[in-house]
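Data file: protein23.tsv. Format and content: TSV, C-alpha atoms and all ligand atoms.
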chain	number	residue	atom	x	y	z
A	10	MET	CA	-140.83	47.94	49.78
A	11	ASN	CA	-141.40	47.75	53.50
A	12	SER	CA	-139.39	50.20	55.54
A	13	SER	CA	-136.65	48.91	57.78
A	14	ASP	CA	-137.39	49.39	61.45
A	15	ALA	CA	-133.88	50.06	62.80
A	16	LEU	CA	-130.54	51.29	61.49
A	17	VAL	CA	-127.46	49.43	62.69
A	18	LEU	CA	-124.24	51.32	62.15
A	19	PHE	CA	-121.14	49.12	62.20
A	20	GLY	CA	-118.10	51.35	62.73
A	21	ALA	CA	-120.19	53.87	64.67
A	22	THR	CA	-117.21	55.49	66.36
A	23	GLY	CA	-115.01	55.55	63.25
A	24	ASP	CA	-113.91	58.14	60.75
A	25	LEU	CA	-116.68	57.70	58.17
A	26	ALA	CA	-119.36	57.88	60.86
A	27	ARG	CA	-117.82	61.05	62.26
A	28	LYS	CA	-117.33	62.77	58.93
A	29	LYS	CA	-120.45	61.78	57.05
A	30	LEU	CA	-122.93	59.45	58.72
A	31	ILE	CA	-123.61	61.11	62.06
A	32	PRO	CA	-124.04	64.57	60.44
A	33	ALA	CA	-126.35	62.92	57.89
A	34	LEU	CA	-128.39	61.32	60.69
A	35	TYR	CA	-128.76	64.75	62.28
A	36	ARG	CA	-129.99	66.21	58.98
A	37	MET	CA	-132.43	63.34	58.54
A	38	SER	CA	-133.72	63.97	62.07
A	39	ALA	CA	-134.11	67.68	61.33
A	40	ARG	CA	-136.21	66.85	58.25
A	41	GLY	CA	-138.27	64.33	60.21
A	42	ASP	CA	-136.94	61.48	58.03
A	43	LEU	CA	-135.23	59.46	60.74
A	44	ARG	CA	-138.09	57.45	62.15
A	45	VAL	CA	-136.20	54.37	63.39
A	46	PRO	CA	-133.80	53.77	66.26
A	47	VAL	CA	-130.08	53.81	65.48
A	48	VAL	CA	-127.86	51.18	67.08
A	49	GLY	CA	-124.13	51.73	66.74
A	50	VAL	CA	-121.73	48.79	66.83
A	51	ALA	CA	-118.05	49.46	67.47
A	52	ARG	CA	-114.88	47.86	68.75
A	53	SER	CA	-114.64	50.11	71.79
A	54	ASP	CA	-115.25	49.97	75.50
A	55	TRP	CA	-117.84	52.73	75.43
A	56	GLY	CA	-121.37	52.43	76.74
A	57	ASP	CA	-124.49	54.29	75.57
A	58	ALA	CA	-123.58	57.43	77.53
A	59	GLU	CA	-120.15	57.82	75.94
A	60	PHE	CA	-121.51	57.14	72.47
A	61	ARG	CA	-124.28	59.70	72.94
A	62	GLU	CA	-121.75	62.28	74.06
A	63	HIS	CA	-119.65	61.44	70.98
A	64	VAL	CA	-122.68	61.97	68.71
A	65	ARG	CA	-123.34	65.31	70.39
A	66	GLN	CA	-119.76	66.47	69.88
A	67	VAL	CA	-119.65	65.33	66.27
A	68	VAL	CA	-122.87	67.16	65.41
A	69	GLU	CA	-121.91	70.32	67.28
A	70	GLY	CA	-118.47	70.26	65.64
A	71	SER	CA	-119.75	69.79	62.10
A	72	ILE	CA	-123.10	71.62	62.05
A	73	PRO	CA	-122.67	75.00	63.75
A	74	ASP	CA	-126.38	75.86	63.61
A	75	ALA	CA	-127.60	72.48	64.91
A	76	GLU	CA	-130.90	72.88	66.75
A	77	PRO	CA	-130.66	71.67	70.36
A	78	VAL	CA	-134.15	70.09	70.27
A	79	VAL	CA	-133.33	68.06	67.17
A	80	LEU	CA	-129.95	67.06	68.55
A	81	ASP	CA	-131.45	65.96	71.89
A	82	ALA	CA	-134.02	63.83	70.06
A	83	LEU	CA	-131.29	62.24	67.93
A	84	ILE	CA	-129.21	61.47	70.99
A	85	GLU	CA	-132.18	59.84	72.72
A	86	ASN	CA	-132.58	57.69	69.64
A	87	VAL	CA	-129.04	56.25	69.50
A	88	SER	CA	-127.37	53.52	71.52
A	89	LEU	CA	-124.23	51.41	71.25
A	90	VAL	CA	-123.36	47.73	71.29
A	91	ALA	CA	-119.61	47.55	71.92
A	92	GLY	CA	-117.68	44.46	70.98
A	93	ASP	CA	-115.29	42.72	68.67
A	94	TYR	CA	-116.64	41.85	65.21
A	95	VAL	CA	-115.02	38.41	65.39
A	96	SER	CA	-116.96	37.50	68.53
A	97	ASP	CA	-120.36	35.75	68.35
A	98	ASP	CA	-121.22	37.44	71.61
A	99	THR	CA	-121.26	40.86	69.89
A	100	PHE	CA	-123.87	39.65	67.41
A	101	SER	CA	-126.02	37.95	70.04
A	102	ARG	CA	-126.01	41.17	72.12
A	103	LEU	CA	-126.93	43.09	68.97
A	104	ALA	CA	-129.81	40.66	68.37
A	105	THR	CA	-130.99	41.13	71.96
A	106	ARG	CA	-130.81	44.93	71.60
A	107	LEU	CA	-132.78	44.88	68.34
A	108	ALA	CA	-135.41	42.59	69.88
A	109	ALA	CA	-135.72	44.95	72.85
A	110	LEU	CA	-136.34	47.81	70.41
A	111	GLY	CA	-139.04	45.76	68.70
A	112	SER	CA	-137.03	45.57	65.47
A	113	ARG	CA	-137.64	42.68	63.07
A	114	SER	CA	-136.05	44.06	59.89
A	115	ALA	CA	-133.04	46.28	60.39
A	116	THR	CA	-130.73	47.88	57.85
A	117	HIS	CA	-127.08	47.13	58.65
A	118	TYR	CA	-124.59	49.73	57.42
A	119	LEU	CA	-120.96	48.59	57.14
A	120	ALA	CA	-118.87	51.71	57.80
A	121	ILE	CA	-115.88	49.53	58.68
A	122	PRO	CA	-112.49	48.67	57.16
A	123	PRO	CA	-113.07	46.60	54.00
A	124	GLU	CA	-111.15	43.59	55.34
A	125	MET	CA	-113.84	43.27	58.05
A	126	PHE	CA	-116.79	43.05	55.61
A	127	PRO	CA	-116.76	39.20	55.40
A	128	THR	CA	-116.44	38.80	59.18
A	129	VAL	CA	-119.43	41.03	59.86
A	130	ILE	CA	-121.56	39.54	57.07
A	131	GLU	CA	-120.89	36.05	58.45
A	132	GLY	CA	-121.50	37.23	62.03
A	133	LEU	CA	-124.88	38.65	60.99
A	134	GLY	CA	-125.69	35.44	59.12
A	135	SER	CA	-124.82	33.06	61.93
A	136	SER	CA	-126.78	35.02	64.51
A	137	GLY	CA	-129.95	34.89	62.40
A	138	LEU	CA	-129.98	38.65	61.82
A	139	THR	CA	-130.16	38.51	58.04
A	140	SER	CA	-133.47	36.92	57.03
A	141	THR	CA	-135.53	40.12	56.91
A	142	ALA	CA	-132.64	42.59	56.98
A	143	ARG	CA	-130.96	44.85	54.46
A	144	ILE	CA	-127.28	45.63	54.18
A	145	VAL	CA	-125.34	48.66	52.97
A	146	VAL	CA	-121.74	48.03	51.90
A	147	GLU	CA	-119.16	50.80	51.61
A	148	LYS	CA	-116.30	50.82	49.16
A	149	PRO	CA	-113.92	49.42	48.15
A	150	PHE	CA	-116.02	46.40	47.17
A	151	GLY	CA	-113.11	43.91	47.01
A	152	ARG	CA	-109.54	44.62	45.92
A	153	ASP	CA	-109.86	43.18	42.42
A	154	LEU	CA	-112.31	41.17	40.35
A	155	PRO	CA	-111.95	37.78	42.15
A	156	SER	CA	-112.21	39.33	45.64
A	157	ALA	CA	-115.21	41.45	44.55
A	158	GLN	CA	-116.87	38.29	43.20
A	159	ARG	CA	-116.17	36.46	46.47
A	160	LEU	CA	-117.68	39.32	48.48
A	161	ASN	CA	-120.70	39.36	46.22
A	162	ALA	CA	-121.15	35.58	46.60
A	163	LEU	CA	-120.89	35.87	50.38
A	164	LEU	CA	-123.50	38.64	50.45
A	165	HIS	CA	-125.82	36.50	48.32
A	166	GLN	CA	-125.51	33.61	50.77
A	167	HIS	CA	-127.18	35.77	53.40
A	168	PHE	CA	-129.13	38.51	51.61
A	169	ASP	CA	-131.39	38.75	48.60
A	170	GLU	CA	-130.03	41.05	45.87
A	171	SER	CA	-132.91	43.47	46.50
A	172	SER	CA	-131.70	43.84	50.10
A	173	ILE	CA	-128.07	44.64	49.20
A	174	PHE	CA	-127.05	48.29	48.73
A	175	ARG	CA	-123.55	49.03	47.41
A	176	ILE	CA	-123.15	52.67	48.30
A	177	ASP	CA	-121.24	55.47	46.63
A	178	HIS	CA	-121.83	58.71	48.51
A	179	TYR	CA	-121.01	60.78	45.43
A	180	LEU	CA	-124.32	59.72	43.97
A	181	GLY	CA	-126.05	61.42	46.88
A	182	LYS	CA	-124.47	64.76	46.11
A	183	GLU	CA	-127.05	66.98	44.46
A	184	SER	CA	-124.28	68.63	42.44
A	185	VAL	CA	-123.45	65.23	40.92
A	186	GLU	CA	-127.12	64.35	40.35
A	187	ASP	CA	-127.37	67.67	38.58
A	188	LEU	CA	-125.13	66.34	35.80
A	189	LEU	CA	-128.05	64.16	34.73
A	190	VAL	CA	-130.56	66.98	34.93
A	191	PHE	CA	-128.31	69.47	33.19
A	192	ARG	CA	-127.63	67.07	30.33
A	193	PHE	CA	-131.09	65.61	29.84
A	194	ALA	CA	-133.44	68.42	30.85
A	195	ASN	CA	-131.80	70.96	28.50
A	196	SER	CA	-132.23	70.31	24.77
A	197	LEU	CA	-129.43	72.81	24.13
A	198	LEU	CA	-126.67	70.39	25.05
A	199	GLU	CA	-127.60	67.05	23.50
A	200	PRO	CA	-126.83	67.97	19.84
A	201	ILE	CA	-123.29	69.02	20.74
A	202	TRP	CA	-122.57	66.33	23.36
A	203	ASN	CA	-120.32	64.17	21.19
A	204	ASN	CA	-116.94	63.89	19.50
A	205	HIS	CA	-117.93	66.28	16.69
A	206	TYR	CA	-118.00	69.18	19.13
A	207	ILE	CA	-116.20	68.06	22.29
A	208	ALA	CA	-112.39	68.01	22.31
A	209	SER	CA	-111.80	66.61	25.81
A	210	VAL	CA	-113.37	66.06	29.20
A	211	GLN	CA	-111.34	66.69	32.36
A	212	VAL	CA	-112.45	65.50	35.77
A	213	THR	CA	-110.51	66.83	38.75
A	214	MET	CA	-110.87	65.95	42.41
A	215	SER	CA	-108.10	67.62	44.36
A	216	GLU	CA	-107.99	67.78	48.13
A	217	ALA	CA	-105.90	70.23	50.14
A	218	PHE	CA	-105.66	67.78	53.05
A	219	GLY	CA	-103.78	64.50	53.54
A	220	ILE	CA	-105.02	61.18	54.87
A	221	GLU	CA	-105.95	62.67	58.26
A	222	GLY	CA	-105.09	59.73	60.49
A	223	ARG	CA	-106.48	57.10	58.09
A	224	GLY	CA	-103.05	55.50	57.48
A	225	ALA	CA	-104.14	51.90	58.04
A	226	PHE	CA	-107.13	52.30	55.69
A	227	TYR	CA	-105.20	54.17	53.04
A	228	GLU	CA	-102.36	51.65	52.97
A	229	GLU	CA	-104.88	48.97	51.97
A	230	VAL	CA	-106.61	51.14	49.42
A	231	GLY	CA	-104.65	54.00	47.79
A	232	THR	CA	-106.21	56.67	45.62
A	233	ILE	CA	-107.23	54.37	42.78
A	234	ARG	CA	-109.40	52.18	45.01
A	235	ASP	CA	-110.43	55.01	47.35
A	236	VAL	CA	-111.91	57.43	44.83
A	237	LEU	CA	-111.01	56.70	41.19
A	238	GLN	CA	-112.72	53.35	40.61
A	239	ASN	CA	-115.88	54.53	42.34
A	240	HIS	CA	-116.56	58.27	42.73
A	241	LEU	CA	-114.77	59.48	39.62
A	242	LEU	CA	-115.87	56.65	37.35
A	243	GLN	CA	-119.43	57.42	38.42
A	244	VAL	CA	-118.94	61.07	37.43
A	245	ILE	CA	-117.58	59.97	34.03
A	246	THR	CA	-120.51	57.63	33.41
A	247	LEU	CA	-122.97	60.44	34.19
A	248	LEU	CA	-121.16	62.72	31.74
A	249	ALA	CA	-120.86	60.07	29.03
A	250	MET	CA	-124.00	57.92	29.23
A	251	GLU	CA	-126.81	57.83	26.68
A	252	PRO	CA	-130.23	59.09	27.87
A	253	PRO	CA	-131.68	56.42	30.19
A	254	LEU	CA	-135.15	54.97	29.47
A	255	SER	CA	-136.33	56.22	32.86
A	256	THR	CA	-134.83	57.46	36.11
A	257	ASP	CA	-135.22	54.16	37.94
A	258	ALA	CA	-132.08	52.54	39.28
A	259	ASP	CA	-131.98	49.71	36.73
A	260	ALA	CA	-132.37	52.01	33.73
A	261	LEU	CA	-129.58	54.28	34.98
A	262	ARG	CA	-127.34	51.31	35.71
A	263	ASP	CA	-127.91	49.82	32.25
A	264	GLU	CA	-126.68	53.00	30.58
A	265	LYS	CA	-123.71	53.34	32.92
A	266	VAL	CA	-122.69	49.75	32.23
A	267	LYS	CA	-122.66	50.49	28.49
A	268	VAL	CA	-120.18	53.33	29.09
A	269	LEU	CA	-117.98	51.13	31.27
A	270	LYS	CA	-118.05	48.33	28.69
A	271	ALA	CA	-116.97	50.78	25.99
A	272	MET	CA	-114.07	52.02	28.14
A	273	ARG	CA	-110.68	50.71	27.05
A	274	PRO	CA	-108.73	48.92	29.77
A	275	LEU	CA	-106.39	51.50	31.28
A	276	ASP	CA	-102.96	51.46	29.73
A	277	CYS	CA	-100.08	51.77	32.22
A	278	THR	CA	-98.36	54.29	30.00
A	279	HIS	CA	-101.42	56.55	30.41
A	280	ILE	CA	-101.35	56.55	34.21
A	281	VAL	CA	-99.27	58.65	36.60
A	282	ARG	CA	-99.17	57.67	40.26
A	283	GLY	CA	-97.67	59.93	42.90
A	284	GLN	CA	-97.31	60.22	46.64
A	285	TYR	CA	-97.24	63.41	48.67
A	286	GLU	CA	-94.19	64.31	50.69
A	287	GLY	CA	-94.86	63.44	54.30
A	288	TYR	CA	-97.15	60.48	53.56
A	289	LEU	CA	-94.48	58.07	54.82
A	290	ASP	CA	-94.45	59.88	58.18
A	291	GLU	CA	-98.18	59.36	58.76
A	292	ALA	CA	-99.21	56.92	61.48
A	293	GLY	CA	-100.04	53.45	60.14
A	294	VAL	CA	-98.04	53.92	56.90
A	295	ALA	CA	-95.27	51.43	56.06
A	296	PRO	CA	-91.79	53.06	55.97
A	297	LYS	CA	-91.27	52.29	52.26
A	298	SER	CA	-94.89	52.31	51.17
A	299	ASP	CA	-95.45	52.96	47.46
A	300	VAL	CA	-99.21	53.40	47.88
A	301	GLU	CA	-100.38	56.26	45.68
A	302	THR	CA	-102.01	59.40	47.05
A	303	TYR	CA	-102.29	60.93	43.57
A	304	VAL	CA	-103.32	59.52	40.25
A	305	ALA	CA	-103.79	61.03	36.82
A	306	CYS	CA	-104.98	58.98	33.89
A	307	HIS	CA	-106.31	59.11	30.38
A	308	VAL	CA	-109.52	57.17	29.81
A	309	GLU	CA	-110.86	56.37	26.36
A	310	ILE	CA	-114.44	55.41	25.60
A	311	ASP	CA	-114.76	53.58	22.31
A	312	SER	CA	-118.38	54.39	21.62
A	313	TRP	CA	-119.93	56.06	18.58
A	314	ARG	CA	-120.42	59.22	20.64
A	315	TRP	CA	-117.03	59.40	22.35
A	316	ALA	CA	-114.42	57.72	20.13
A	317	GLY	CA	-111.36	59.97	19.99
A	318	VAL	CA	-112.33	62.20	22.94
A	319	PRO	CA	-109.85	61.84	25.80
A	320	PHE	CA	-111.28	61.84	29.31
A	321	TYR	CA	-108.53	63.06	31.64
A	322	VAL	CA	-108.97	62.26	35.32
A	323	ARG	CA	-106.76	63.50	38.11
A	324	THR	CA	-107.15	63.25	41.81
A	325	GLY	CA	-104.97	63.45	44.87
A	326	LYS	CA	-104.49	64.47	48.45
A	327	ALA	CA	-102.32	67.22	49.95
A	328	LEU	CA	-102.61	69.30	46.78
A	329	ILE	CA	-102.78	73.04	46.59
A	330	ASN	CA	-106.55	73.40	46.92
A	331	THR	CA	-109.80	71.47	47.28
A	332	VAL	CA	-111.67	71.32	44.00
A	333	LEU	CA	-114.15	68.91	42.47
A	334	GLU	CA	-115.09	69.69	38.91
A	335	ALA	CA	-115.68	68.35	35.43
A	336	VAL	CA	-114.64	70.54	32.52
A	337	VAL	CA	-115.92	69.85	29.02
A	338	GLU	CA	-113.75	71.52	26.40
A	339	PHE	CA	-115.16	72.14	22.92
A	340	HIS	CA	-113.32	72.21	19.61
A	341	ARG	CA	-112.23	75.62	18.47
A	342	PRO	CA	-114.06	77.11	15.50
A	343	PRO	CA	-112.78	75.73	12.17
A	344	ARG	CA	-111.31	79.08	11.14
A	345	MET	CA	-109.95	81.63	13.56
A	346	LEU	CA	-111.77	84.49	11.91
A	347	PHE	CA	-111.07	86.99	14.63
A	348	ALA	CA	-107.58	85.95	15.60
A	349	ASN	CA	-105.30	88.93	15.54
A	350	PRO	CA	-101.91	87.96	14.09
A	351	ASP	CA	-100.23	89.43	17.18
A	352	THR	CA	-102.42	87.78	19.83
A	353	PRO	CA	-102.98	84.14	20.69
A	354	PRO	CA	-106.07	82.54	19.09
A	355	PRO	CA	-109.29	82.57	21.17
A	356	HIS	CA	-109.70	80.03	23.96
A	357	ALA	CA	-111.94	77.04	23.37
A	358	ASN	CA	-115.45	77.18	24.86
A	359	LEU	CA	-115.72	75.32	28.15
A	360	ILE	CA	-118.51	74.07	30.34
A	361	ARG	CA	-117.26	73.78	33.89
A	362	PHE	CA	-119.44	71.75	36.24
A	363	ARG	CA	-118.45	72.74	39.76
A	364	LEU	CA	-119.39	69.74	41.87
A	365	GLY	CA	-117.79	70.61	45.21
A	366	ALA	CA	-118.53	73.17	47.91
A	367	ASP	CA	-119.37	76.07	45.58
A	368	ASP	CA	-121.45	73.98	43.20
A	369	GLY	CA	-122.78	75.39	39.97
A	370	VAL	CA	-122.01	75.64	36.27
A	371	THR	CA	-119.83	78.08	34.35
A	372	ILE	CA	-119.84	78.36	30.55
A	373	SER	CA	-116.85	80.14	29.03
A	374	LEU	CA	-117.55	81.86	25.73
A	375	GLN	CA	-115.88	84.49	23.58
A	376	ALA	CA	-117.20	88.03	23.20
A	377	LYS	CA	-116.00	91.02	21.26
A	378	GLN	CA	-113.16	92.85	22.91
A	379	PRO	CA	-114.12	96.53	23.24
A	380	GLY	CA	-112.31	98.70	20.71
A	381	SER	CA	-112.15	99.27	17.00
A	382	GLY	CA	-110.85	95.81	15.96
A	383	LEU	CA	-112.74	92.52	15.85
A	384	SER	CA	-110.76	90.68	18.48
A	385	THR	CA	-112.21	88.42	21.16
A	386	THR	CA	-112.05	88.13	24.90
A	387	PRO	CA	-113.32	85.33	27.16
A	388	VAL	CA	-116.52	85.91	29.18
A	389	GLU	CA	-118.28	83.62	31.59
A	390	LEU	CA	-121.94	82.76	32.11
A	391	SER	CA	-122.08	81.38	35.59
A	392	VAL	CA	-124.61	80.18	38.12
A	393	ALA	CA	-123.93	79.35	41.76
A	394	PHE	CA	-126.64	76.88	42.69
A	395	ALA	CA	-126.72	77.78	46.40
A	396	ALA	CA	-127.43	81.44	45.58
A	397	ALA	CA	-129.89	80.64	42.78
A	398	LEU	CA	-131.69	77.66	44.27
A	399	GLY	CA	-130.99	77.54	48.00
A	400	ALA	CA	-129.38	74.88	50.16
A	401	ARG	CA	-128.63	71.56	48.54
A	402	GLN	CA	-127.86	68.21	50.08
A	403	GLU	CA	-124.42	66.72	50.14
B	501	LIG	C1	-114.23	59.28	50.48
B	501	LIG	C2	-112.76	58.98	50.48
B	501	LIG	O1	-114.94	58.22	49.89
B	501	LIG	O2	-114.48	60.47	49.75
B	501	LIG	C3	-111.97	60.16	51.03
B	501	LIG	O3	-112.51	57.83	51.26
B	501	LIG	C4	-112.33	61.43	50.30
B	501	LIG	O4	-110.57	59.90	50.91
B	501	LIG	C5	-113.85	61.62	50.29
B	501	LIG	O5	-111.71	62.53	50.96
B	501	LIG	C6	-114.27	62.81	49.47
B	501	LIG	O6	-115.64	62.97	49.53
B	501	LIG	P1	-116.29	64.35	49.98
B	501	LIG	O7	-117.75	64.15	49.79
B	501	LIG	O8	-115.92	64.51	51.42
B	501	LIG	O9	-115.68	65.39	49.13

Would you mind writing the structure in this file as structure tokens?
Amino acid sequence: MNSSDALVLFGATGDLARKKLIPALYRMSARGDLRVPVVGVARSDWGDAEFREHVRQVVEGSIPDAEPVVLDALIENVSLVAGDYVSDDTFSRLATRLAALGSRSATHYLAIPPEMFPTVIEGLGSSGLTSTARIVVEKPFGRDLPSAQRLNALLHQHFDESSIFRIDHYLGKESVEDLLVFRFANSLLEPIWNNHYIASVQVTMSEAFGIEGRGAFYEEVGTIRDVLQNHLLQVITLLAMEPPLSTDADALRDEKVKVLKAMRPLDCTHIVRGQYEGYLDEAGVAPKSDVETYVACHVEIDSWRWAGVPFYVRTGKALINTVLEAVVEFHRPPRMLFANPDTPPPHANLIRFRLGADDGVTISLQAKQPGSGLSTTPVELSVAFAAALGARQE
């Protein structure tokens, strides 16, 4: 594949750019991996100077040890085309800017509200910016099956499939990638990774913060479309998939698709939706909105390996703490040999994959309780990846 020669960031002054993309561009610059100019596009009245100052503030605010030399180089490398996405003029000015930078094959990243995807794709198409370009599309990819199919068809009118990237940032988290390595690089786990040994799998993504000013976005999306159908389903497929034939994208996708095909359609009686108190007071939220900010559900995978093992998923905002983890719970031993009649039976063994800030793995086992009897007590084998392996990418 030829490399793209510019990165165009639609939504350059927005929330996603501030939280994730600009810090990521800084990190790429620090590693020497950002070798193309970055052109932001945004509905704002800023010029290059204001945008550069914004990039500086975002990096300084999110990366306390940012190196001034790297940051200055990044800032030199960014510019902004301001304009409305519905206006042809915005796209012709973008084309002029790219030509001035000597770019012939840019990558366009759509960090914009989902309802603007078609407008921008058509704007790129009608200004001739698509023939040698690539495109990255954020979630949610449509609201439902027909709208996802329409979006796909529109993308295919302007881009070859090999130039379309449907992104899920969870798959860039090394802690999530580690699920694959942990499962398939350790022969210890494979023999017990099935319904004979596993009683349940529980995936939790809880966030201690609310929607943080993203009312308009959240009203369109809700928790199910924001994180369940994408991030958390991806985590489940990595936990549940068969070993892929190789690590290339198609082989991984083929195995994930098998898991998704074996998943039973969700049953409404197995879903709980909730909304945090105070959501209705957030800016951009309808007074009687019933959009969910919390969802818990029970997923069943009817495959040979997983039949009968419930996968419980729960996620929400404004909860008590911020946690991202997958817990695999094993069956208890067939006979509680060491259970003392007066004490509760031993806990089940657990493997806890910590996928968030403090990423690592904890295995809960039983050991002999000190003393004359043969009773048990839980102990943990735990590794914190940052301490054991050094910094990892988010
Ligand atoms: C985003 C969602 O995709 O993922 C946010 O839109 C959510 O609502 C975020 O907070 C969580 O990802 P991370 O990597 O910041 O934990």

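The contact shell of ligand LIG 501 (chain B), defined as all polymer residues within 7 Å when all atoms listed in the file are used, comprises His178, Tyr179, Ile220, Asp235, Val236 and Gly365 of chain A.
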
Checklist entry - So how many Å separate atom CA of Ile245 of chain A and atom CA of Arg36 of chain A, to one decimal? => result 28.6 Å

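Atom CA of Gly325 of chain A lies 29.4 Å from atom CA of Tyr206 of chain A.
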
Next on the checklist: Need the shell around Leu242 of chain A: protein/DNA/RNA residues with any atom at most 10 Å away, counting only C-alpha atoms. Skip same-chain ones fewer than 5 positions apart. Format as a ChimeraX atom specification?
Outcome noted: /A:212,236-237,247-248,265,268-269,308,322

Using the selection just defined, write its residues with C-alpha atoms as a PDB file, in the coordinates of the input.
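The resulting part.pdb:
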ATOM      1  CA  VAL A 212    -112.450  65.500  35.770  1.00  0.00           C
ATOM      2  CA  VAL A 236    -111.910  57.430  44.830  1.00  0.00           C
ATOM      3  CA  LEU A 237    -111.010  56.700  41.190  1.00  0.00           C
ATOM      4  CA  LEU A 247    -122.970  60.440  34.190  1.00  0.00           C
ATOM      5  CA  LEU A 248    -121.160  62.720  31.740  1.00  0.00           C
ATOM      6  CA  LYS A 265    -123.710  53.340  32.920  1.00  0.00           C
ATOM      7  CA  VAL A 268    -120.180  53.330  29.090  1.00  0.00           C
ATOM      8  CA  LEU A 269    -117.980  51.130  31.270  1.00  0.00           C
ATOM      9  CA  VAL A 308    -109.520  57.170  29.810  1.00  0.00           C
ATOM     10  CA  VAL A 322    -108.970  62.260  35.320  1.00  0.00           C
TER      11      VAL A 322
END

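Omitting Gly132 of chain A and its sequence neighbours fewer than 3 positions away, and counting all atoms listed in the file, the residues within 8 Å are Tyr94, Val95, Ser96, Asp97, Phe100, Thr128, Val129, Ser135 and Ser136 of chain A.
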
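Shortest separation to Ala225 of chain A among A:His205, A:Ala91, A:Ser12, A:Ala295 occurs at residue A:Ala295, atoms counted being all atoms listed in the file.
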
Next on the checklist: Taking (-132.6, 43.5, 42.7) in the coordinates of the supplied file, I want to know which residues reach to within 12 Å of it, counting only C-alpha atoms; could you give the answer as a VMD selection string?
Outcome noted: chain A and resid 10 143 165 168 to 175 257 to 259 262

Write out as a compact mmCIF listing (two decimals) with C-alpha atoms, keeping the file's coordinate frame which residues come within 8 Å of Ala335 of chain A when counting only C-alpha atoms, dropping same-chain ones fewer than 6 positions away.
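So part_3.txt came out as:
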# COMPACT_ATOMS: atom_id res chain seq x y z
CA VAL A 210 -113.37 66.06 29.20
CA GLN A 211 -111.34 66.69 32.36
CA VAL A 212 -112.45 65.50 35.77
CA THR A 213 -110.51 66.83 38.75
CA ARG A 361 -117.26 73.78 33.89
CA PHE A 362 -119.44 71.75 36.24
CA ARG A 363 -118.45 72.74 39.76
CA LEU A 364 -119.39 69.74 41.87

Item to check | Å distance separating atom CA of Thr105 of chain A from atom CA of Val68 of chain A, one decimal place | outcome: 28.0 Å

Next on the checklist: I want to know what sits within 8 Å of Gly369 of chain A, based on all atoms listed in the file, with residues of the same chain fewer than 6 positions away left out; could you give that as a PyMOL selection string?
Outcome noted: chain A and resi 184+362-363+391-395

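In this comparison, which uses all atoms listed in the file, the residue of A:Tyr227, A:Leu189, A:Arg234, A:Glu59 approaching Thr246 of chain A most closely is A:Leu189.
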